[in-house]
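Here's the structure, in structure tokens; my notes come after.
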Amino acid sequence: MGPAMRKITILFLLCSVSACIPPGRDYGWPRNEASDGSTPTLETDRSVFGQSPDQAAPPTWAAQSVTPNAVTVDDGSYVVKSGDTLRGIANRTGASSELIATTNGLTAPYIIQPGQRLKIIGGRYHAVSSGETGIAIARAYGAPWREVVALNGLEEPFILRVGQKLLLPAATPVDPQQMTIEQRAAAFDLDIDDIVTGSQPALADNAVASEPSDWRKAIAPPKTPAAIATPTAFAGRFNWPVDGKLLSSFGSKGGGKVNDGLNIGVTKGTPIRAAADGIVAYSGDEIGVFGGLILLNHGDGWVTAYGHADKLNVTRGQKINAGDIIGLAGDSGYVQEPQLHFEIRKNRKPVNPVSYLPKRT
């Protein structure tokens with residue numbers, strides 16, 4: 001496959017998964033700024049359980065630095081020899097074993113025969129190291145993580161494995177190896193889908209994800225984040241996280257603007273309750289539009305999001321029960337009045353929460 005055909009293939013892959021990538025967002029409010037032009041911070045100042053900020057665990061994409069050392073692989077083919085394995089072929093060619101399998105129509109247990117000719121997809125490949133997250137890898141290359149997810153066909157639970165090779169987008173505006181750390185950080189873009197798909201640290205092949213902790217125990221978060229096991233099944237039944245006036249409904253707002261959830265007006269300090277049992281996938285304020293944000297993974301592709309919080313009561317990796325108070329509502333992020341931005345996502349796609357919540361009387 002030549003360069004032109006490879007570009008066409010990559011574009012096709014991106015288009016085929018576009019329905020999974022969140023649409024443009026608009027929550028109907030201008031940016032909330034203090035009189036000096038700064039963005040209001042959380043009451044907790046990014047800490048949990050009363051800890052000082054230097055005790056709080058860093059985001060998984062910042063905890064493990066990634067060196068952009070991708071290897072370029074040419075398009076080609078490989079003739080299987082006696083004793084070859086799919087992983088061994090990937091190591092010899094520098095390509096991804098997962099993409100070799102997908103490209104050549106191989107399915108588990110990935111049986112290959114001597115003399116079989118396998119197509120090798122060329123491009124830039126990054127070999128995943130221990131503890132690296134997808135978000136950190138994308139940040140190192142100045143590339144959108146959601147494009148890497150699309151190119152490699154990554155699926156839930158989105159846990160990378162040490163030695164796994166990820167195909168990177170064909171090009172970035174600037175060669176990341178020529179960019180400063182500051183330039184790569186400035187080009188870093190992050191949204192809810194990125195956190196859902198790219199925040200789990202990589203594991204060795206024989207390692208298993210850690211079990212979630214009890215959120216009621218005030219244990220300091222680990223300095224080195226670990227991959228966390230998430231629920232495997234969920235019935236899809238939710239409760240309202242707060243009781244308040246609906247400020248903005250789900251869906252299109254005209255002019256290409258879309259609200260991926262509901263905005264519910266509440267008094268500042270109103271308890272935010274978990275809409276269902278789940279595991280905390282994220283608790284922080286790195287996505288400016290949402291301010292204080294909590295993501296709960298409920299398993300089976302279900303995720304809920306709680307934005308504009310003034311205080312966060314939980315941290316990543318904790319097990320939460322439906323109705324638990326996970327934070328306090330506020331006006332952090334890009335809003336003008338206290339409210340909760342609430343989303344329900346199924347298989348990465350935002351769905352209308354009203355369709356899954358009890359009818360309000």
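Every chain in the structure tokens takes a letter, A first, then B, and so on in the order presented; its residues are numbered from 1, and the ligands are numbered from 1 following the presented order.
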Going by DSSP on the backbone, which residues of range 65-210 of chain A come out as strand (DSSP E or B)? List them as a list in words.
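Taking range 65-210 of chain A and keeping strand (DSSP E or B) only, one gets Val71, Thr72, Val73, Gly76, Ser77, Tyr78, Val79, Arg117, Leu118, Lys119, Ile120, Gly123, Arg124, Tyr125, His126, Ala127, Arg161, Lys165, Leu166, Leu167, Leu203 and Ser210 of chain A.
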Same residues, N, CA, C and O atoms, output as a short mmCIF file (atom, residue, chain, number, x, y, z; two decimals), in the first residue's frame:
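selection34.cif written:
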data_model
loop_
_atom_site.label_atom_id
_atom_site.label_comp_id
_atom_site.auth_asym_id
_atom_site.auth_seq_id
_atom_site.Cartn_x
_atom_site.Cartn_y
_atom_site.Cartn_z
N VAL A 71 8.61 4.59 15.80
CA VAL A 71 9.38 3.98 14.71
C VAL A 71 8.51 3.96 13.46
O VAL A 71 7.33 3.60 13.51
N THR A 72 9.08 4.37 12.33
CA THR A 72 8.35 4.37 11.06
C THR A 72 8.48 3.01 10.38
O THR A 72 9.59 2.50 10.21
N VAL A 73 7.35 2.45 10.00
CA VAL A 73 7.30 1.14 9.35
C VAL A 73 6.76 1.33 7.93
O VAL A 73 5.79 2.07 7.72
N GLY A 76 3.98 -3.14 3.48
CA GLY A 76 4.60 -4.33 2.90
C GLY A 76 3.82 -5.58 3.25
O GLY A 76 2.63 -5.54 3.56
N SER A 77 4.52 -6.71 3.20
CA SER A 77 3.90 -7.99 3.54
C SER A 77 4.94 -8.87 4.22
O SER A 77 6.15 -8.60 4.15
N TYR A 78 4.45 -9.91 4.87
CA TYR A 78 5.34 -10.84 5.57
C TYR A 78 4.84 -12.25 5.31
O TYR A 78 3.65 -12.53 5.46
N VAL A 79 5.76 -13.13 4.93
CA VAL A 79 5.42 -14.53 4.69
C VAL A 79 5.71 -15.32 5.97
O VAL A 79 6.84 -15.32 6.47
N ARG A 117 0.75 -15.27 3.59
CA ARG A 117 1.27 -13.91 3.39
C ARG A 117 0.36 -12.92 4.11
O ARG A 117 -0.84 -12.87 3.87
N LEU A 118 0.97 -12.14 5.00
CA LEU A 118 0.23 -11.16 5.79
C LEU A 118 0.55 -9.75 5.33
O LEU A 118 1.72 -9.40 5.13
N LYS A 119 -0.49 -8.94 5.17
CA LYS A 119 -0.30 -7.54 4.80
C LYS A 119 0.12 -6.75 6.04
O LYS A 119 -0.44 -6.92 7.12
N ILE A 120 1.11 -5.88 5.87
CA ILE A 120 1.60 -5.04 6.96
C ILE A 120 1.26 -3.59 6.66
O ILE A 120 1.63 -3.06 5.61
N GLY A 123 3.36 2.99 8.76
CA GLY A 123 3.05 4.22 9.48
C GLY A 123 3.98 4.40 10.66
O GLY A 123 4.98 3.68 10.79
N ARG A 124 3.66 5.36 11.52
CA ARG A 124 4.46 5.59 12.73
C ARG A 124 3.84 4.83 13.89
O ARG A 124 2.65 4.97 14.18
N TYR A 125 4.66 4.01 14.56
CA TYR A 125 4.18 3.19 15.67
C TYR A 125 4.92 3.54 16.96
O TYR A 125 6.14 3.62 16.98
N HIS A 126 4.12 3.71 18.02
CA HIS A 126 4.69 3.94 19.35
C HIS A 126 4.54 2.67 20.17
O HIS A 126 3.44 2.11 20.28
N ALA A 127 5.64 2.18 20.76
CA ALA A 127 5.61 1.00 21.62
C ALA A 127 5.29 1.44 23.04
O ALA A 127 6.00 2.27 23.63
N ARG A 161 -1.44 -2.48 26.91
CA ARG A 161 -0.51 -3.49 27.40
C ARG A 161 0.92 -3.09 27.05
O ARG A 161 1.18 -2.55 25.97
N LYS A 165 1.85 -1.88 20.27
CA LYS A 165 2.25 -0.82 19.35
C LYS A 165 1.01 -0.09 18.85
O LYS A 165 0.07 -0.71 18.37
N LEU A 166 1.05 1.22 18.96
CA LEU A 166 -0.07 2.05 18.54
C LEU A 166 0.29 2.80 17.27
O LEU A 166 1.31 3.50 17.20
N LEU A 167 -0.57 2.68 16.25
CA LEU A 167 -0.40 3.45 15.03
C LEU A 167 -0.82 4.88 15.30
O LEU A 167 -1.91 5.14 15.83
N LEU A 203 -0.62 -2.02 31.42
CA LEU A 203 -0.26 -3.16 32.26
C LEU A 203 0.59 -4.15 31.48
O LEU A 203 0.51 -4.24 30.25
N SER A 210 -6.21 -3.27 39.21
CA SER A 210 -6.45 -3.23 40.65
C SER A 210 -7.94 -3.13 40.95
O SER A 210 -8.71 -2.53 40.19
#
Would you kindly return, as an MDAnalysis selection string, each protein, DNA or RNA residue with an atom no farther than 9 Å from any atom of Arg273 in chain A, considering only C-alpha atoms and excluding same-chain residues fewer than 6 positions away?
chainID A and resid 239:242 322:328
Keeping only N, CA, C and O atoms, write those residues as a CSV table (one decimal), in the first residue's frame.
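What follows is the written file out-v1.csv:
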chain,number,residue,atom,x,y,z
A,239,ASN,N,-30.8,7.3,38.6
A,239,ASN,CA,-31.6,8.2,39.4
A,239,ASN,C,-31.1,9.7,39.1
A,239,ASN,O,-29.9,9.9,38.7
A,240,TRP,N,-31.9,10.6,39.4
A,240,TRP,CA,-31.5,12.0,39.2
A,240,TRP,C,-30.4,12.4,40.2
A,240,TRP,O,-30.5,12.1,41.4
A,241,PRO,N,-29.3,13.0,39.8
A,241,PRO,CA,-28.2,13.3,40.7
A,241,PRO,C,-28.5,14.6,41.6
A,241,PRO,O,-27.9,14.7,42.7
A,242,VAL,N,-29.4,15.5,41.1
A,242,VAL,CA,-29.8,16.6,41.9
A,242,VAL,C,-31.3,16.9,41.5
A,242,VAL,O,-31.8,16.4,40.5
A,322,ALA,N,-25.0,4.0,44.3
A,322,ALA,CA,-26.1,4.9,43.9
A,322,ALA,C,-26.5,5.7,45.1
A,322,ALA,O,-26.8,5.2,46.2
A,323,GLY,N,-26.6,7.0,44.9
A,323,GLY,CA,-27.1,7.9,46.0
A,323,GLY,C,-26.0,8.5,46.9
A,323,GLY,O,-26.2,9.4,47.6
A,324,ASP,N,-24.7,8.0,46.7
A,324,ASP,CA,-23.6,8.5,47.5
A,324,ASP,C,-23.4,10.0,47.1
A,324,ASP,O,-23.5,10.3,45.9
A,325,ILE,N,-23.0,10.8,48.1
A,325,ILE,CA,-22.7,12.2,47.7
A,325,ILE,C,-21.2,12.2,47.2
A,325,ILE,O,-20.3,11.9,48.0
A,326,ILE,N,-21.1,12.6,46.0
A,326,ILE,CA,-19.7,12.5,45.4
A,326,ILE,C,-19.1,13.9,45.2
A,326,ILE,O,-17.9,14.1,45.0
A,327,GLY,N,-19.9,15.0,45.5
A,327,GLY,CA,-19.4,16.3,45.4
A,327,GLY,C,-20.5,17.3,45.7
A,327,GLY,O,-21.6,16.9,46.0
A,328,LEU,N,-20.1,18.6,45.6
A,328,LEU,CA,-21.1,19.7,45.9
A,328,LEU,C,-21.2,20.5,44.6
A,328,LEU,O,-20.2,20.9,44.0
Test item: residues at most 10 Å from Ala309 in chain A, only C-alpha atoms, excluding those fewer than 4 positions along its chain, as a PDB file with all heavy atoms, in the first residue's frame:
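This went into selection_38.pdb:
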ATOM      1  N   LEU A  42     -11.748  25.396  42.315  1.00  0.00           N
ATOM      2  CA  LEU A  42     -12.605  24.626  43.191  1.00  0.00           C
ATOM      3  C   LEU A  42     -12.369  25.004  44.640  1.00  0.00           C
ATOM      4  O   LEU A  42     -11.268  25.392  45.019  1.00  0.00           O
ATOM      5  CB  LEU A  42     -12.314  23.127  43.016  1.00  0.00           C
ATOM      6  CG  LEU A  42     -12.542  22.516  41.641  1.00  0.00           C
ATOM      7  CD1 LEU A  42     -12.235  21.035  41.699  1.00  0.00           C
ATOM      8  CD2 LEU A  42     -13.957  22.746  41.166  1.00  0.00           C
ATOM      9  N   GLU A  43     -13.415  24.826  45.448  1.00  0.00           N
ATOM     10  CA  GLU A  43     -13.267  25.049  46.886  1.00  0.00           C
ATOM     11  C   GLU A  43     -12.183  24.142  47.447  1.00  0.00           C
ATOM     12  O   GLU A  43     -11.441  24.507  48.356  1.00  0.00           O
ATOM     13  CB  GLU A  43     -14.604  24.764  47.573  1.00  0.00           C
ATOM     14  CG  GLU A  43     -14.571  24.890  49.089  1.00  0.00           C
ATOM     15  CD  GLU A  43     -15.886  24.486  49.702  1.00  0.00           C
ATOM     16  OE1 GLU A  43     -16.938  24.774  49.096  1.00  0.00           O
ATOM     17  OE2 GLU A  43     -15.864  23.871  50.781  1.00  0.00           O
ATOM     18  N   LYS A 268     -25.761  26.735  45.126  1.00  0.00           N
ATOM     19  CA  LYS A 268     -24.360  26.382  45.347  1.00  0.00           C
ATOM     20  C   LYS A 268     -24.230  25.585  46.634  1.00  0.00           C
ATOM     21  O   LYS A 268     -24.797  25.939  47.663  1.00  0.00           O
ATOM     22  CB  LYS A 268     -23.507  27.642  45.418  1.00  0.00           C
ATOM     23  CG  LYS A 268     -22.010  27.379  45.466  1.00  0.00           C
ATOM     24  CD  LYS A 268     -21.226  28.664  45.323  1.00  0.00           C
ATOM     25  CE  LYS A 268     -19.731  28.399  45.273  1.00  0.00           C
ATOM     26  NZ  LYS A 268     -18.944  29.652  45.087  1.00  0.00           N
ATOM     27  N   GLY A 269     -23.497  24.477  46.566  1.00  0.00           N
ATOM     28  CA  GLY A 269     -23.331  23.616  47.725  1.00  0.00           C
ATOM     29  C   GLY A 269     -24.314  22.465  47.780  1.00  0.00           C
ATOM     30  O   GLY A 269     -24.242  21.623  48.687  1.00  0.00           O
ATOM     31  N   THR A 270     -25.228  22.379  46.788  1.00  0.00           N
ATOM     32  CA  THR A 270     -26.174  21.266  46.739  1.00  0.00           C
ATOM     33  C   THR A 270     -25.414  19.950  46.566  1.00  0.00           C
ATOM     34  O   THR A 270     -24.548  19.848  45.697  1.00  0.00           O
ATOM     35  CB  THR A 270     -27.163  21.437  45.569  1.00  0.00           C
ATOM     36  OG1 THR A 270     -27.950  22.607  45.791  1.00  0.00           O
ATOM     37  CG2 THR A 270     -28.064  20.224  45.423  1.00  0.00           C
ATOM     38  N   PRO A 271     -25.718  18.928  47.373  1.00  0.00           N
ATOM     39  CA  PRO A 271     -25.031  17.634  47.217  1.00  0.00           C
ATOM     40  C   PRO A 271     -25.292  17.031  45.841  1.00  0.00           C
ATOM     41  O   PRO A 271     -26.433  17.047  45.354  1.00  0.00           O
ATOM     42  CB  PRO A 271     -25.638  16.772  48.328  1.00  0.00           C
ATOM     43  CG  PRO A 271     -26.141  17.748  49.333  1.00  0.00           C
ATOM     44  CD  PRO A 271     -26.626  18.928  48.539  1.00  0.00           C
ATOM     45  N   ILE A 272     -24.245  16.522  45.217  1.00  0.00           N
ATOM     46  CA  ILE A 272     -24.360  15.789  43.954  1.00  0.00           C
ATOM     47  C   ILE A 272     -24.317  14.306  44.299  1.00  0.00           C
ATOM     48  O   ILE A 272     -23.354  13.832  44.908  1.00  0.00           O
ATOM     49  CB  ILE A 272     -23.207  16.129  42.996  1.00  0.00           C
ATOM     50  CG1 ILE A 272     -23.166  17.633  42.702  1.00  0.00           C
ATOM     51  CG2 ILE A 272     -23.328  15.332  41.700  1.00  0.00           C
ATOM     52  CD1 ILE A 272     -21.909  18.067  41.968  1.00  0.00           C
ATOM     53  N   GLY A 284     -11.550  15.804  38.955  1.00  0.00           N
ATOM     54  CA  GLY A 284     -10.590  16.887  38.822  1.00  0.00           C
ATOM     55  C   GLY A 284     -11.161  18.044  38.037  1.00  0.00           C
ATOM     56  O   GLY A 284     -12.373  18.119  37.789  1.00  0.00           O
ATOM     57  N   ASP A 285     -10.288  18.956  37.605  1.00  0.00           N
ATOM     58  CA  ASP A 285     -10.761  20.138  36.879  1.00  0.00           C
ATOM     59  C   ASP A 285      -9.863  20.479  35.690  1.00  0.00           C
ATOM     60  O   ASP A 285      -9.711  21.636  35.326  1.00  0.00           O
ATOM     61  CB  ASP A 285     -10.871  21.342  37.814  1.00  0.00           C
ATOM     62  CG  ASP A 285      -9.524  21.760  38.401  1.00  0.00           C
ATOM     63  OD1 ASP A 285      -8.514  21.047  38.192  1.00  0.00           O
ATOM     64  OD2 ASP A 285      -9.471  22.801  39.070  1.00  0.00           O
ATOM     65  N   PHE A 290     -15.868  22.414  32.013  1.00  0.00           N
ATOM     66  CA  PHE A 290     -16.695  21.787  33.038  1.00  0.00           C
ATOM     67  C   PHE A 290     -16.323  22.206  34.455  1.00  0.00           C
ATOM     68  O   PHE A 290     -17.067  21.942  35.386  1.00  0.00           O
ATOM     69  CB  PHE A 290     -16.591  20.264  32.946  1.00  0.00           C
ATOM     70  CG  PHE A 290     -17.141  19.685  31.684  1.00  0.00           C
ATOM     71  CD1 PHE A 290     -16.305  19.096  30.747  1.00  0.00           C
ATOM     72  CD2 PHE A 290     -18.495  19.732  31.417  1.00  0.00           C
ATOM     73  CE1 PHE A 290     -16.812  18.556  29.578  1.00  0.00           C
ATOM     74  CE2 PHE A 290     -19.016  19.194  30.254  1.00  0.00           C
ATOM     75  CZ  PHE A 290     -18.167  18.610  29.325  1.00  0.00           C
ATOM     76  N   GLY A 291     -15.158  22.814  34.660  1.00  0.00           N
ATOM     77  CA  GLY A 291     -14.716  23.096  36.014  1.00  0.00           C
ATOM     78  C   GLY A 291     -14.523  21.796  36.765  1.00  0.00           C
ATOM     79  O   GLY A 291     -13.941  20.830  36.254  1.00  0.00           O
ATOM     80  N   GLY A 292     -15.039  21.715  38.010  1.00  0.00           N
ATOM     81  CA  GLY A 292     -14.954  20.475  38.769  1.00  0.00           C
ATOM     82  C   GLY A 292     -15.782  19.391  38.102  1.00  0.00           C
ATOM     83  O   GLY A 292     -16.986  19.546  37.911  1.00  0.00           O
ATOM     84  N   LEU A 293     -15.140  18.277  37.758  1.00  0.00           N
ATOM     85  CA  LEU A 293     -15.796  17.231  36.966  1.00  0.00           C
ATOM     86  C   LEU A 293     -15.533  15.864  37.582  1.00  0.00           C
ATOM     87  O   LEU A 293     -14.405  15.554  37.976  1.00  0.00           O
ATOM     88  CB  LEU A 293     -15.270  17.247  35.529  1.00  0.00           C
ATOM     89  CG  LEU A 293     -15.744  16.135  34.596  1.00  0.00           C
ATOM     90  CD1 LEU A 293     -17.237  16.277  34.299  1.00  0.00           C
ATOM     91  CD2 LEU A 293     -14.942  16.151  33.288  1.00  0.00           C
ATOM     92  N   ILE A 294     -16.570  15.048  37.648  1.00  0.00           N
ATOM     93  CA  ILE A 294     -16.465  13.665  38.104  1.00  0.00           C
ATOM     94  C   ILE A 294     -17.041  12.762  37.019  1.00  0.00           C
ATOM     95  O   ILE A 294     -18.103  13.045  36.463  1.00  0.00           O
ATOM     96  CB  ILE A 294     -17.240  13.446  39.420  1.00  0.00           C
ATOM     97  CG1 ILE A 294     -16.658  14.315  40.543  1.00  0.00           C
ATOM     98  CG2 ILE A 294     -17.211  11.969  39.831  1.00  0.00           C
ATOM     99  CD1 ILE A 294     -17.540  14.405  41.769  1.00  0.00           C
ATOM    100  N   ILE A 326     -21.051  12.556  45.956  1.00  0.00           N
ATOM    101  CA  ILE A 326     -19.719  12.534  45.353  1.00  0.00           C
ATOM    102  C   ILE A 326     -19.101  13.925  45.247  1.00  0.00           C
ATOM    103  O   ILE A 326     -17.908  14.064  44.951  1.00  0.00           O
ATOM    104  CB  ILE A 326     -19.768  11.871  43.954  1.00  0.00           C
ATOM    105  CG1 ILE A 326     -20.776  12.589  43.043  1.00  0.00           C
ATOM    106  CG2 ILE A 326     -20.121  10.398  44.083  1.00  0.00           C
ATOM    107  CD1 ILE A 326     -20.838  12.025  41.633  1.00  0.00           C
ATOM    108  N   GLY A 327     -19.893  14.954  45.470  1.00  0.00           N
ATOM    109  CA  GLY A 327     -19.385  16.318  45.403  1.00  0.00           C
ATOM    110  C   GLY A 327     -20.488  17.310  45.712  1.00  0.00           C
ATOM    111  O   GLY A 327     -21.632  16.928  46.007  1.00  0.00           O
ATOM    112  N   LEU A 328     -20.132  18.601  45.648  1.00  0.00           N
ATOM    113  CA  LEU A 328     -21.092  19.671  45.866  1.00  0.00           C
ATOM    114  C   LEU A 328     -21.175  20.531  44.616  1.00  0.00           C
ATOM    115  O   LEU A 328     -20.157  20.872  44.012  1.00  0.00           O
ATOM    116  CB  LEU A 328     -20.680  20.528  47.060  1.00  0.00           C
ATOM    117  CG  LEU A 328     -20.522  19.802  48.406  1.00  0.00           C
ATOM    118  CD1 LEU A 328     -20.114  20.798  49.493  1.00  0.00           C
ATOM    119  CD2 LEU A 328     -21.804  19.071  48.792  1.00  0.00           C
ATOM    120  N   ALA A 329     -22.396  20.890  44.223  1.00  0.00           N
ATOM    121  CA  ALA A 329     -22.606  21.677  43.010  1.00  0.00           C
ATOM    122  C   ALA A 329     -22.094  23.105  43.192  1.00  0.00           C
ATOM    123  O   ALA A 329     -22.042  23.633  44.296  1.00  0.00           O
ATOM    124  CB  ALA A 329     -24.083  21.691  42.644  1.00  0.00           C
ATOM    125  N   GLY A 330     -21.718  23.731  42.071  1.00  0.00           N
ATOM    126  CA  GLY A 330     -21.228  25.103  42.122  1.00  0.00           C
ATOM    127  C   GLY A 330     -21.302  25.765  40.766  1.00  0.00           C
ATOM    128  O   GLY A 330     -22.142  25.413  39.927  1.00  0.00           O
ATOM    129  N   ASP A 331     -20.422  26.723  40.538  1.00  0.00           N
ATOM    130  CA  ASP A 331     -20.408  27.456  39.276  1.00  0.00           C
ATOM    131  C   ASP A 331     -19.011  27.469  38.673  1.00  0.00           C
ATOM    132  O   ASP A 331     -18.621  28.422  37.999  1.00  0.00           O
ATOM    133  CB  ASP A 331     -20.935  28.878  39.467  1.00  0.00           C
ATOM    134  CG  ASP A 331     -20.151  29.660  40.512  1.00  0.00           C
ATOM    135  OD1 ASP A 331     -19.213  29.096  41.122  1.00  0.00           O
ATOM    136  OD2 ASP A 331     -20.460  30.849  40.726  1.00  0.00           O
ATOM    137  N   SER A 332     -18.232  26.409  38.925  1.00  0.00           N
ATOM    138  CA  SER A 332     -16.896  26.324  38.317  1.00  0.00           C
ATOM    139  C   SER A 332     -17.035  26.031  36.829  1.00  0.00           C
ATOM    140  O   SER A 332     -18.043  25.488  36.367  1.00  0.00           O
ATOM    141  CB  SER A 332     -16.069  25.230  39.009  1.00  0.00           C
ATOM    142  OG  SER A 332     -16.673  23.960  38.844  1.00  0.00           O
ATOM    143  N   GLY A 333     -16.037  26.392  36.049  1.00  0.00           N
ATOM    144  CA  GLY A 333     -16.096  26.187  34.607  1.00  0.00           C
ATOM    145  C   GLY A 333     -16.769  27.338  33.894  1.00  0.00           C
ATOM    146  O   GLY A 333     -16.851  28.454  34.403  1.00  0.00           O
ATOM    147  N   PRO A 338     -24.800  28.789  39.622  1.00  0.00           N
ATOM    148  CA  PRO A 338     -24.615  27.428  40.114  1.00  0.00           C
ATOM    149  C   PRO A 338     -25.519  26.443  39.369  1.00  0.00           C
ATOM    150  O   PRO A 338     -26.712  26.714  39.174  1.00  0.00           O
ATOM    151  CB  PRO A 338     -24.992  27.526  41.591  1.00  0.00           C
ATOM    152  CG  PRO A 338     -24.761  28.964  41.947  1.00  0.00           C
ATOM    153  CD  PRO A 338     -25.142  29.732  40.709  1.00  0.00           C
ATOM    154  N   GLN A 339     -24.955  25.316  39.000  1.00  0.00           N
ATOM    155  CA  GLN A 339     -25.703  24.306  38.261  1.00  0.00           C
ATOM    156  C   GLN A 339     -24.897  23.023  38.171  1.00  0.00           C
ATOM    157  O   GLN A 339     -23.709  22.983  38.505  1.00  0.00           O
ATOM    158  CB  GLN A 339     -26.023  24.797  36.848  1.00  0.00           C
ATOM    159  CG  GLN A 339     -24.789  25.108  36.012  1.00  0.00           C
ATOM    160  CD  GLN A 339     -25.157  25.782  34.712  1.00  0.00           C
ATOM    161  OE1 GLN A 339     -25.410  25.125  33.717  1.00  0.00           O
ATOM    162  NE2 GLN A 339     -25.208  27.121  34.737  1.00  0.00           N
ATOM    163  N   LEU A 340     -25.551  21.983  37.715  1.00  0.00           N
ATOM    164  CA  LEU A 340     -24.879  20.712  37.437  1.00  0.00           C
ATOM    165  C   LEU A 340     -25.044  20.383  35.971  1.00  0.00           C
ATOM    166  O   LEU A 340     -26.167  20.410  35.445  1.00  0.00           O
ATOM    167  CB  LEU A 340     -25.478  19.576  38.285  1.00  0.00           C
ATOM    168  CG  LEU A 340     -24.920  18.183  37.966  1.00  0.00           C
ATOM    169  CD1 LEU A 340     -23.477  18.053  38.462  1.00  0.00           C
ATOM    170  CD2 LEU A 340     -25.799  17.079  38.557  1.00  0.00           C
ATOM    171  N   HIS A 341     -23.924  20.103  35.308  1.00  0.00           N
ATOM    172  CA  HIS A 341     -23.990  19.550  33.952  1.00  0.00           C
ATOM    173  C   HIS A 341     -23.914  18.041  34.104  1.00  0.00           C
ATOM    174  O   HIS A 341     -22.941  17.503  34.645  1.00  0.00           O
ATOM    175  CB  HIS A 341     -22.846  20.057  33.076  1.00  0.00           C
ATOM    176  CG  HIS A 341     -22.839  19.406  31.721  1.00  0.00           C
ATOM    177  ND1 HIS A 341     -23.738  19.740  30.739  1.00  0.00           N
ATOM    178  CD2 HIS A 341     -22.068  18.417  31.211  1.00  0.00           C
ATOM    179  CE1 HIS A 341     -23.516  18.994  29.669  1.00  0.00           C
ATOM    180  NE2 HIS A 341     -22.510  18.177  29.928  1.00  0.00           N
TER     181      HIS A 341
END
Separation of CA of Thr133 in chain A from CA of Phe158 in chain A, in Å and rounded to one decimal:
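Distance reported for this atom pair: 9.7 Å.
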Selected residue, from A:Pro201, A:Ile89, A:Asp84, A:Ala170, that lies nearest to Ser65 in chain A when counting only C-alpha atoms:
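Counting only C-alpha atoms, the residue closest to Ser65 in chain A is A:Pro201.
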